[in-house]
$ cat structure.txt   # compact mmCIF, C-alpha atoms
# COMPACT_ATOMS: atom_id res chain seq x y z
CA ASP A 1 -127.95 -47.41 -81.48
CA ARG A 2 -127.11 -43.77 -82.06
CA VAL A 3 -129.44 -42.69 -79.19
CA SER A 4 -127.94 -45.31 -76.88
CA THR A 5 -124.40 -44.20 -77.73
CA GLN A 6 -125.33 -40.56 -77.13
CA SER A 7 -126.86 -41.39 -73.72
CA THR A 8 -123.74 -43.33 -72.75
CA GLY A 9 -121.57 -40.41 -73.77
CA GLU A 10 -123.64 -37.96 -71.73
CA PHE A 11 -123.46 -40.26 -68.70
CA MET A 12 -119.69 -40.59 -69.02
CA MET A 13 -119.32 -36.82 -69.37
CA ALA A 14 -121.45 -36.24 -66.25
CA SER A 15 -119.34 -38.76 -64.33
CA TYR A 16 -116.19 -37.06 -65.55
CA ASN A 17 -117.43 -33.65 -64.37
CA LEU A 18 -118.46 -35.10 -61.01
CA SER A 19 -114.99 -36.60 -60.52
CA ALA A 20 -113.40 -33.26 -61.40
CA TYR A 21 -115.59 -31.43 -58.86
CA LEU A 22 -114.76 -34.01 -56.18
CA CYS A 23 -111.05 -33.61 -56.88
CA LEU A 24 -111.29 -29.81 -56.64
CA PHE A 25 -113.33 -30.06 -53.43
CA PHE A 26 -110.80 -32.46 -51.90
CA PHE A 27 -107.81 -30.24 -52.65
CA GLY A 28 -109.70 -27.08 -51.64
CA SER A 29 -110.68 -28.55 -48.28
CA LEU A 30 -107.16 -29.85 -47.73
CA CYS A 31 -105.59 -26.43 -48.43
CA LEU A 32 -108.14 -24.71 -46.17
CA ASN A 33 -107.41 -27.11 -43.30
CA VAL A 34 -103.66 -26.58 -43.71
CA ILE A 35 -104.07 -22.78 -43.63
CA ILE A 36 -106.31 -22.88 -40.54
CA ALA A 37 -104.11 -25.40 -38.71
CA SER A 38 -100.91 -23.39 -39.41
CA ARG A 39 -102.24 -20.20 -37.72
CA ILE A 40 -102.51 -19.93 -33.93
CA HIS A 41 -104.78 -17.12 -32.76
CA ILE A 42 -104.69 -16.14 -29.08
CA THR A 43 -107.01 -13.59 -27.48
CA ILE A 44 -105.49 -11.66 -24.56
CA GLU A 45 -107.93 -10.63 -21.83
CA HIS A 46 -107.31 -8.83 -18.54
CA LYS A 47 -109.14 -7.94 -15.36
CA ILE A 48 -108.44 -4.77 -13.38
CA GLY A 49 -110.12 -4.48 -10.00
CA ASN A 50 -113.65 -5.83 -9.72
CA GLU A 51 -114.49 -5.53 -13.41
CA ARG A 52 -114.99 -8.55 -15.62
CA PHE A 53 -112.37 -9.84 -18.03
CA THR A 54 -112.20 -7.58 -21.08
CA THR A 55 -110.25 -7.92 -24.31
CA ARG A 56 -106.79 -6.41 -24.12
CA GLY A 57 -105.52 -7.55 -27.53
CA SER A 58 -104.70 -10.50 -29.75
CA LEU A 59 -101.67 -12.53 -30.70
CA VAL A 60 -101.33 -14.41 -34.00
CA LEU A 61 -98.39 -16.56 -35.03
CA THR A 62 -97.85 -19.43 -37.45
CA THR A 63 -96.27 -22.84 -37.05
CA ASP A 64 -93.77 -21.86 -39.78
CA ALA A 65 -92.61 -18.90 -37.68
CA ILE A 66 -92.24 -21.19 -34.66
CA THR A 67 -90.21 -23.68 -36.71
CA ARG A 68 -87.87 -20.97 -38.03
CA ALA A 69 -87.43 -19.54 -34.54
CA LYS A 70 -86.49 -22.99 -33.25
CA SER A 71 -84.05 -23.87 -36.04
CA LYS A 72 -82.35 -20.46 -36.44
CA GLY A 73 -82.78 -19.09 -32.93
CA GLU A 74 -84.44 -15.94 -34.26
CA ALA A 75 -87.26 -13.94 -32.69
CA PRO A 76 -90.61 -15.24 -33.93
CA SER A 77 -92.60 -13.21 -36.43
CA VAL A 78 -95.93 -12.47 -34.72
CA GLU A 79 -98.91 -10.18 -35.06
CA LEU A 80 -99.44 -8.56 -31.65
CA VAL A 81 -102.19 -5.95 -31.34
CA GLN A 82 -103.07 -4.44 -27.94
CA SER A 83 -105.43 -1.70 -26.83
CA ALA A 84 -104.31 1.16 -24.61
CA LEU A 85 -105.69 1.56 -21.09
CA SER A 86 -108.61 3.89 -20.70
CA SER A 87 -108.49 6.70 -18.14
CA ASP A 88 -110.86 4.75 -15.85
CA GLN A 89 -108.74 1.61 -16.06
CA LEU A 90 -105.59 3.60 -15.32
CA SER A 91 -107.19 5.11 -12.24
CA VAL A 92 -108.30 1.69 -10.98
CA LEU A 93 -104.82 0.28 -11.62
CA GLN A 94 -103.24 3.07 -9.58
CA GLU A 95 -105.71 2.46 -6.75
CA LEU A 96 -104.83 -1.24 -6.84
CA THR A 97 -101.17 -0.30 -6.54
CA LYS A 98 -101.85 1.62 -3.33
CA ALA A 99 -104.00 -1.22 -1.94
CA ASP A 100 -101.44 -3.91 -2.87
CA GLY A 101 -103.96 -5.45 -5.25
CA PHE A 102 -103.53 -7.79 -8.19
CA TYR A 103 -103.70 -7.60 -11.96
CA HIS A 104 -105.23 -10.63 -13.71
CA ILE A 105 -104.62 -11.78 -17.28
CA ARG A 106 -105.72 -14.80 -19.29
CA PHE A 107 -105.01 -16.21 -22.74
CA VAL A 108 -107.85 -17.79 -24.72
CA SER A 109 -107.45 -19.82 -27.91
CA ALA A 110 -109.22 -22.57 -29.82
CA ASN A 111 -105.90 -24.44 -29.71
CA PHE A 112 -106.04 -24.60 -25.88
CA THR A 113 -108.13 -27.08 -23.94
CA SER A 114 -108.85 -24.30 -21.41
CA PRO A 115 -107.82 -20.64 -20.88
CA ILE A 116 -104.39 -19.97 -19.36
CA TYR A 117 -104.52 -17.65 -16.32
CA SER A 118 -101.82 -15.58 -14.64
CA THR A 119 -101.81 -13.03 -11.79
CA ILE A 120 -99.21 -10.44 -10.78
CA LYS A 121 -99.04 -7.53 -8.35
CA ALA A 122 -100.56 -4.40 -9.85
CA CYS A 123 -97.69 -2.33 -8.46
CA SER A 124 -95.12 -4.37 -10.40
CA LEU A 125 -96.93 -3.59 -13.65
CA VAL A 126 -97.13 0.13 -12.81
CA GLU A 127 -93.47 0.39 -11.79
CA SER A 128 -92.52 -1.48 -14.97
CA LYS A 129 -94.38 1.20 -16.98
CA LEU A 130 -96.73 -1.43 -18.44
CA ARG A 131 -93.83 -3.45 -19.76
CA ASP A 132 -94.42 -7.18 -19.50
CA ILE A 133 -92.95 -10.47 -20.71
CA MET A 134 -94.90 -13.35 -22.25
CA VAL A 135 -93.09 -16.69 -22.49
CA LEU A 136 -94.81 -19.23 -24.72
CA HIS A 137 -93.92 -22.84 -23.94
CA ILE A 138 -93.94 -24.96 -27.11
CA ASP A 139 -94.43 -28.70 -27.32
CA ASN A 140 -92.40 -30.32 -30.10
CA GLN A 141 -94.71 -33.19 -31.05
CA PRO A 142 -97.16 -31.95 -32.09
CA LEU A 143 -96.03 -28.35 -32.49
CA SER A 144 -98.36 -26.49 -30.12
CA ILE A 145 -98.47 -24.07 -27.18
CA TYR A 146 -99.22 -25.76 -23.87
CA ASP A 147 -98.45 -22.98 -21.35
CA ILE A 148 -97.72 -19.22 -21.12
CA ASP A 149 -95.71 -17.49 -18.38
CA TYR A 150 -96.50 -13.86 -17.66
CA SER A 151 -94.21 -11.52 -15.71
CA THR A 152 -92.80 -7.98 -15.54
CA PRO A 153 -89.19 -6.69 -15.49
CA TYR A 154 -89.68 -5.29 -11.95
CA THR A 155 -91.13 -7.87 -9.58
CA ARG A 156 -90.53 -6.03 -6.30
CA CYS A 157 -92.66 -3.03 -5.47
CA THR A 158 -90.55 -0.19 -4.07
CA GLY A 159 -93.36 2.32 -3.69
CA ARG A 160 -91.65 4.86 -5.92
CA LYS A 161 -93.95 6.86 -8.15
CA ARG A 162 -93.27 6.36 -11.83
CA GLN A 163 -94.75 8.14 -14.78
CA THR A 164 -97.39 5.70 -15.98
CA THR A 165 -98.11 5.25 -19.67
CA VAL A 166 -101.33 3.85 -21.11
CA ASP A 167 -99.73 1.66 -23.81
CA PHE A 168 -98.54 -1.87 -23.14
CA ASN A 169 -95.03 -2.79 -24.23
CA SER A 170 -94.84 -6.59 -24.39
CA THR A 171 -91.85 -8.84 -25.05
CA LEU A 172 -92.55 -12.26 -26.53
CA GLN A 173 -90.30 -15.26 -25.96
CA LEU A 174 -90.48 -18.92 -27.00
CA GLU A 175 -89.35 -21.84 -24.86
CA PHE A 176 -89.16 -25.28 -26.47
CA GLY A 177 -89.52 -28.46 -24.49
CA LEU A 178 -86.59 -30.86 -24.34
CA GLU A 179 -87.15 -34.42 -25.44
CA GLY A 180 -86.13 -36.99 -22.88
CA GLU A 181 -84.28 -40.19 -23.63
CA LYS A 182 -86.47 -42.95 -24.99
CA PRO A 183 -86.14 -46.54 -23.76
CA TYR A 184 -84.45 -48.91 -26.18
CA LYS A 185 -86.03 -52.30 -26.42
CA THR A 186 -86.00 -54.94 -29.13
CA PHE A 187 -88.80 -57.44 -29.55
CA GLU A 188 -89.98 -59.86 -32.17
CA ALA A 189 -93.35 -59.23 -33.75
CA PRO A 190 -95.77 -62.16 -33.73
CA GLN A 191 -96.03 -64.18 -36.93
CA GLY A 192 -98.72 -63.06 -39.31
CA GLY A 193 -99.04 -59.61 -37.77
CA GLU A 194 -95.99 -57.93 -39.29
CA ASN A 195 -97.44 -57.59 -42.79
CA LYS A 196 -100.68 -56.16 -41.41
CA GLU A 197 -98.80 -53.57 -39.41
CA GLU A 198 -96.67 -52.60 -42.43
CA GLU A 199 -99.75 -52.34 -44.63
CA LYS A 200 -101.56 -50.21 -42.05
CA SER A 201 -98.59 -47.89 -41.60
CA PHE A 202 -98.20 -47.54 -45.38
CA LEU A 203 -101.84 -46.52 -45.87
CA ALA A 204 -101.70 -44.19 -42.86
CA LYS A 205 -98.64 -42.42 -44.27
CA TYR A 206 -99.50 -42.19 -47.96
CA TRP A 207 -103.33 -42.00 -48.11
CA LEU A 208 -102.98 -38.27 -48.81
CA TYR A 209 -101.23 -39.07 -52.10
CA LEU A 210 -103.17 -42.23 -53.02
CA VAL A 211 -106.62 -40.59 -52.99
CA PRO A 212 -105.79 -37.82 -55.52
CA LEU A 213 -103.91 -40.32 -57.67
CA GLY A 214 -106.95 -42.62 -57.72
CA LEU A 215 -109.22 -39.72 -58.68
CA LEU A 216 -106.91 -38.74 -61.53
CA ILE A 217 -106.85 -42.33 -62.84
CA VAL A 218 -110.66 -42.52 -62.76
CA MET A 219 -110.93 -39.19 -64.57
CA LYS A 220 -108.47 -40.40 -67.25
CA MET A 221 -110.43 -43.65 -67.75
CA LEU A 222 -113.74 -41.79 -68.04
CA SER A 223 -112.22 -39.36 -70.54
CA SER A 224 -110.97 -42.24 -72.70
CA MET A 225 -114.38 -43.94 -72.59
CA VAL A 226 -116.12 -40.71 -73.64
CA GLU A 227 -113.79 -40.36 -76.63
CA GLU A 228 -114.38 -43.98 -77.71
CA ASP A 229 -118.19 -43.69 -77.46
CA ASP A 230 -118.43 -40.32 -79.26
CA PRO A 231 -120.64 -40.88 -82.35
CA GLN A 232 -119.15 -37.85 -84.14
CA ARG A 233 -115.63 -39.26 -83.99
CA PRO A 234 -114.39 -40.14 -87.50
CA GLN A 235 -113.76 -43.83 -87.96
CA GLN A 236 -110.98 -45.19 -90.12
CA GLN A 237 -112.00 -47.43 -92.93
CA ILE A 238 -109.79 -50.33 -93.79
CA GLN A 239 -109.55 -50.87 -97.50
CA GLN A 240 -109.08 -54.42 -98.61
CA PRO A 241 -106.81 -55.05 -101.56
CA ARG A 242 -108.60 -55.64 -104.83
CA ARG A 243 -108.30 -58.95 -106.51
CA ARG A 244 -107.14 -58.96 -110.08

$ encode --input "structure.txt" --output "structure tokens"
Amino acid sequence: DRVSTQSTGEFMMASYNLSAYLCLFFFGSLCLNVIIASRIHITIEHKIGNERFTTRGSLVLTTDAITRAKSKGEAPSVELVQSALSSDQLSVLQELTKADGFYHIRFVSANFTSPIYSTIKACSLVESKLRDIMVLHIDNQPLSIYDIDYSTPYTRCTGRKRQTTVDFNSTLQLEFGLEGEKPYKTFEAPQGGENKEEEKSFLAKYWLYLVPLGLLIVMKMLSSMVEEDDPQRPQQQIQQPRRR
């Protein structure tokens, strides 16, 4: 009996440890997914002349920054890193300006279904001294970027020679979509289907809280069973009254 009790205790302890590891894995995966989903990383690539698209820089912003910018009307907090033009790229850009050529740019991100392309006159970028404007169009539900407009302060090429710098000076703006009016319509749900729909919506909303709660209850039950089956636990002896 003592060997059987000890084996049961070891099994309960192993089950308890397994439940604890599953709980930690669940919360760890959930936190990791939240962190990854809240960050939007965009790679900025450009093409000058006949060369292939090369990396110009990167743009990183979070959904929290987008939410604050929408509610308070503040400029979004972003991480924008861009490389300066090389001497060869600057020469090609100046040649494109004389030939009325174009400057190509694209934005690549895992959050996009496909890269976003834009093209402007090379002369407008040179006369703007490499100053450009990036307008990110935000969808409200879900909160995501669905388009990017790219432009420069000077859109008309005058032919005047300007001192050209090699560093980009970009301005970032956010544009939020406006929600249209939704149709209002009342209808009666079919009999017998209302409870199913309510039950489905309840589980879809609160499964994130029910799963950890269930794991905690199982862990508590296993802990209680281990304490009851512990052979080293002192047992209380009930003394019967003596008869005189």

$ closest_residue --input "structure.txt" --among "A:Leu222, A:Leu125, A:Ile44, A:Leu93" --to "Ile148 in chain A" --atoms "only C-alpha atoms"
A:Ile44

$ residues_near_point --input "structure.txt" --point "(-106.0, -18.7, -32.3)" --cutoff "9 Å" --atoms "only C-alpha atoms" --output "PDB file with C-alpha atoms, keeping the file's coordinate frame"
ATOM      1  CA  ARG A  39    -102.240 -20.200 -37.720  1.00  0.00           C
ATOM      2  CA  ILE A  40    -102.510 -19.930 -33.930  1.00  0.00           C
ATOM      3  CA  HIS A  41    -104.780 -17.120 -32.760  1.00  0.00           C
ATOM      4  CA  ILE A  42    -104.690 -16.140 -29.080  1.00  0.00           C
ATOM      5  CA  THR A  43    -107.010 -13.590 -27.480  1.00  0.00           C
ATOM      6  CA  SER A  58    -104.700 -10.500 -29.750  1.00  0.00           C
ATOM      7  CA  LEU A  59    -101.670 -12.530 -30.700  1.00  0.00           C
ATOM      8  CA  VAL A  60    -101.330 -14.410 -34.000  1.00  0.00           C
ATOM      9  CA  LEU A  61     -98.390 -16.560 -35.030  1.00  0.00           C
ATOM     10  CA  VAL A 108    -107.850 -17.790 -24.720  1.00  0.00           C
ATOM     11  CA  SER A 109    -107.450 -19.820 -27.910  1.00  0.00           C
ATOM     12  CA  ALA A 110    -109.220 -22.570 -29.820  1.00  0.00           C
ATOM     13  CA  ASN A 111    -105.900 -24.440 -29.710  1.00  0.00           C
ATOM     14  CA  PHE A 112    -106.040 -24.600 -25.880  1.00  0.00           C
TER      15      PHE A 112
END

$ residues_near_point --input "structure.txt" --point "(-98.7, -0.3, -4.8)" --cutoff "8 Å" --atoms "all atoms listed in the file" --output "tab-separated table (two decimals) with C-alpha atoms, in the frame of the given file"
chain	number	residue	atom	x	y	z
A	94	GLN	CA	-103.24	3.07	-9.58
A	95	GLU	CA	-105.71	2.46	-6.75
A	96	LEU	CA	-104.83	-1.24	-6.84
A	97	THR	CA	-101.17	-0.30	-6.54
A	98	LYS	CA	-101.85	1.62	-3.33
A	99	ALA	CA	-104.00	-1.22	-1.94
A	100	ASP	CA	-101.44	-3.91	-2.87
A	101	GLY	CA	-103.96	-5.45	-5.25
A	122	ALA	CA	-100.56	-4.40	-9.85
A	123	CYS	CA	-97.69	-2.33	-8.46
A	124	SER	CA	-95.12	-4.37	-10.40
A	157	CYS	CA	-92.66	-3.03	-5.47
A	159	GLY	CA	-93.36	2.32	-3.69

$ closest_residue --input "structure.txt" --among "A:Asp132, A:Glu127, A:Glu79, A:Glu181" --to "Arg156 in chain A" --atoms "only C-alpha atoms"
A:Glu127

$ closest_residue --input "structure.txt" --among "A:Ile66, A:Lys72, A:Ile48, A:Leu178" --to "Lys121 in chain A" --atoms "all atoms listed in the file"
A:Ile48

$ closest_residue --input "structure.txt" --among "A:Ser118, A:Val166, A:Arg106, A:Thr158" --to "Arg131 in chain A" --atoms "only C-alpha atoms"
A:Val166

$ residues_around --input "structure.txt" --residues "Asp149 in chain A" --least-positions-apart "5" --cutoff "7 Å" --atoms "all atoms listed in the file" --output "ChimeraX atom specification"
/A:134-136

$ closest_residue --input "structure.txt" --among "A:Leu210, A:Ile105, A:Ala84, A:Ile116" --to "Lys47 in chain A" --atoms "only C-alpha atoms"
A:Ile105

$ atom_distance --input "structure.txt" --atom1 "CA of Thr164 in chain A" --atom2 "CA of Leu130 in chain A"
7.6 Å

$ residues_around --input "structure.txt" --residues "Ala69 in chain A" --least-positions-apart "5" --cutoff "12 Å" --atoms "only C-alpha atoms" --output "ChimeraX atom specification"
/A:61-64,74-78,138,172-176

$ axis_aligned_box --input "structure.txt" --around "range 49-53 of chain A" --padding-each-side "8 Å" --output "JSON"
{"center_x": -112.6, "center_y": -7.2, "center_z": -13.9, "size_x": 20.9, "size_y": 21.4, "size_z": 24.3}

$ atom_distance --input "structure.txt" --atom1 "CA of Ser128 in chain A" --atom2 "CA of Pro153 in chain A"
6.2 Å

$ atom_distance --input "structure.txt" --atom1 "CA of Phe53 in chain A" --atom2 "CA of Leu143 in chain A"
28.6 Å

$ closest_residue --input "structure.txt" --among "A:Ser223, A:Thr67, A:Ser170, A:Ser91" --to "Ser38 in chain A" --atoms "all atoms listed in the file"
A:Thr67

$ decode --input "structure.txt" --residues "range 67-125 of chain A" --atoms "C-alpha atoms" --output "compact mmCIF listing (two decimals), in the first residue's frame"
# COMPACT_ATOMS: atom_id res chain seq x y z
CA THR A 67 -3.62 54.80 -31.23
CA ARG A 68 -2.15 57.73 -29.27
CA ALA A 69 -1.63 59.71 -32.46
CA LYS A 70 -5.27 59.15 -33.40
CA SER A 71 -6.76 60.01 -29.99
CA LYS A 72 -4.51 62.98 -29.10
CA GLY A 73 -3.64 64.22 -32.58
CA GLU A 74 0.07 64.04 -31.82
CA ALA A 75 2.90 63.09 -34.18
CA PRO A 76 3.52 59.34 -34.01
CA SER A 77 6.59 58.02 -32.24
CA VAL A 78 8.52 56.06 -34.88
CA GLU A 79 11.96 54.62 -35.47
CA LEU A 80 13.11 55.87 -38.88
CA VAL A 81 16.62 54.95 -40.02
CA GLN A 82 17.83 55.85 -43.52
CA SER A 83 21.16 55.53 -45.31
CA ALA A 84 22.79 58.44 -47.09
CA LEU A 85 23.26 58.43 -50.85
CA SER A 86 26.59 57.24 -52.12
CA SER A 87 28.60 59.39 -54.52
CA ASP A 88 27.67 57.07 -57.42
CA GLN A 89 23.97 57.24 -56.57
CA LEU A 90 24.13 61.03 -56.32
CA SER A 91 25.73 61.25 -59.75
CA VAL A 92 23.07 58.99 -61.28
CA LEU A 93 20.32 61.02 -59.61
CA GLN A 94 21.70 64.24 -61.08
CA GLU A 95 21.91 62.63 -64.53
CA LEU A 96 18.28 61.54 -64.17
CA THR A 97 17.35 65.11 -63.35
CA LYS A 98 18.86 66.34 -66.61
CA ALA A 99 17.18 63.53 -68.59
CA ASP A 100 13.78 64.09 -66.91
CA GLY A 101 13.96 60.61 -65.41
CA PHE A 102 12.16 59.05 -62.48
CA TYR A 103 12.97 58.00 -58.93
CA HIS A 104 11.30 54.79 -57.73
CA ILE A 105 10.56 53.78 -54.14
CA ARG A 106 8.74 50.86 -52.55
CA PHE A 107 7.70 49.85 -49.04
CA VAL A 108 7.94 46.19 -48.02
CA SER A 109 6.46 44.70 -44.86
CA ALA A 110 5.18 41.38 -43.57
CA ASN A 111 1.98 43.24 -42.67
CA PHE A 112 1.33 44.06 -46.35
CA THR A 113 -0.14 41.62 -48.83
CA SER A 114 2.23 43.05 -51.47
CA PRO A 115 4.86 45.84 -51.67
CA ILE A 116 3.62 49.42 -52.08
CA TYR A 117 5.25 51.25 -55.02
CA SER A 118 5.54 54.95 -55.80
CA THR A 119 7.33 56.97 -58.52
CA ILE A 120 8.23 60.65 -58.69
CA LYS A 121 10.32 62.87 -60.96
CA ALA A 122 13.98 62.74 -59.99
CA CYS A 123 14.24 66.50 -60.45
CA SER A 124 11.56 67.13 -57.82
CA LEU A 125 13.57 65.15 -55.27
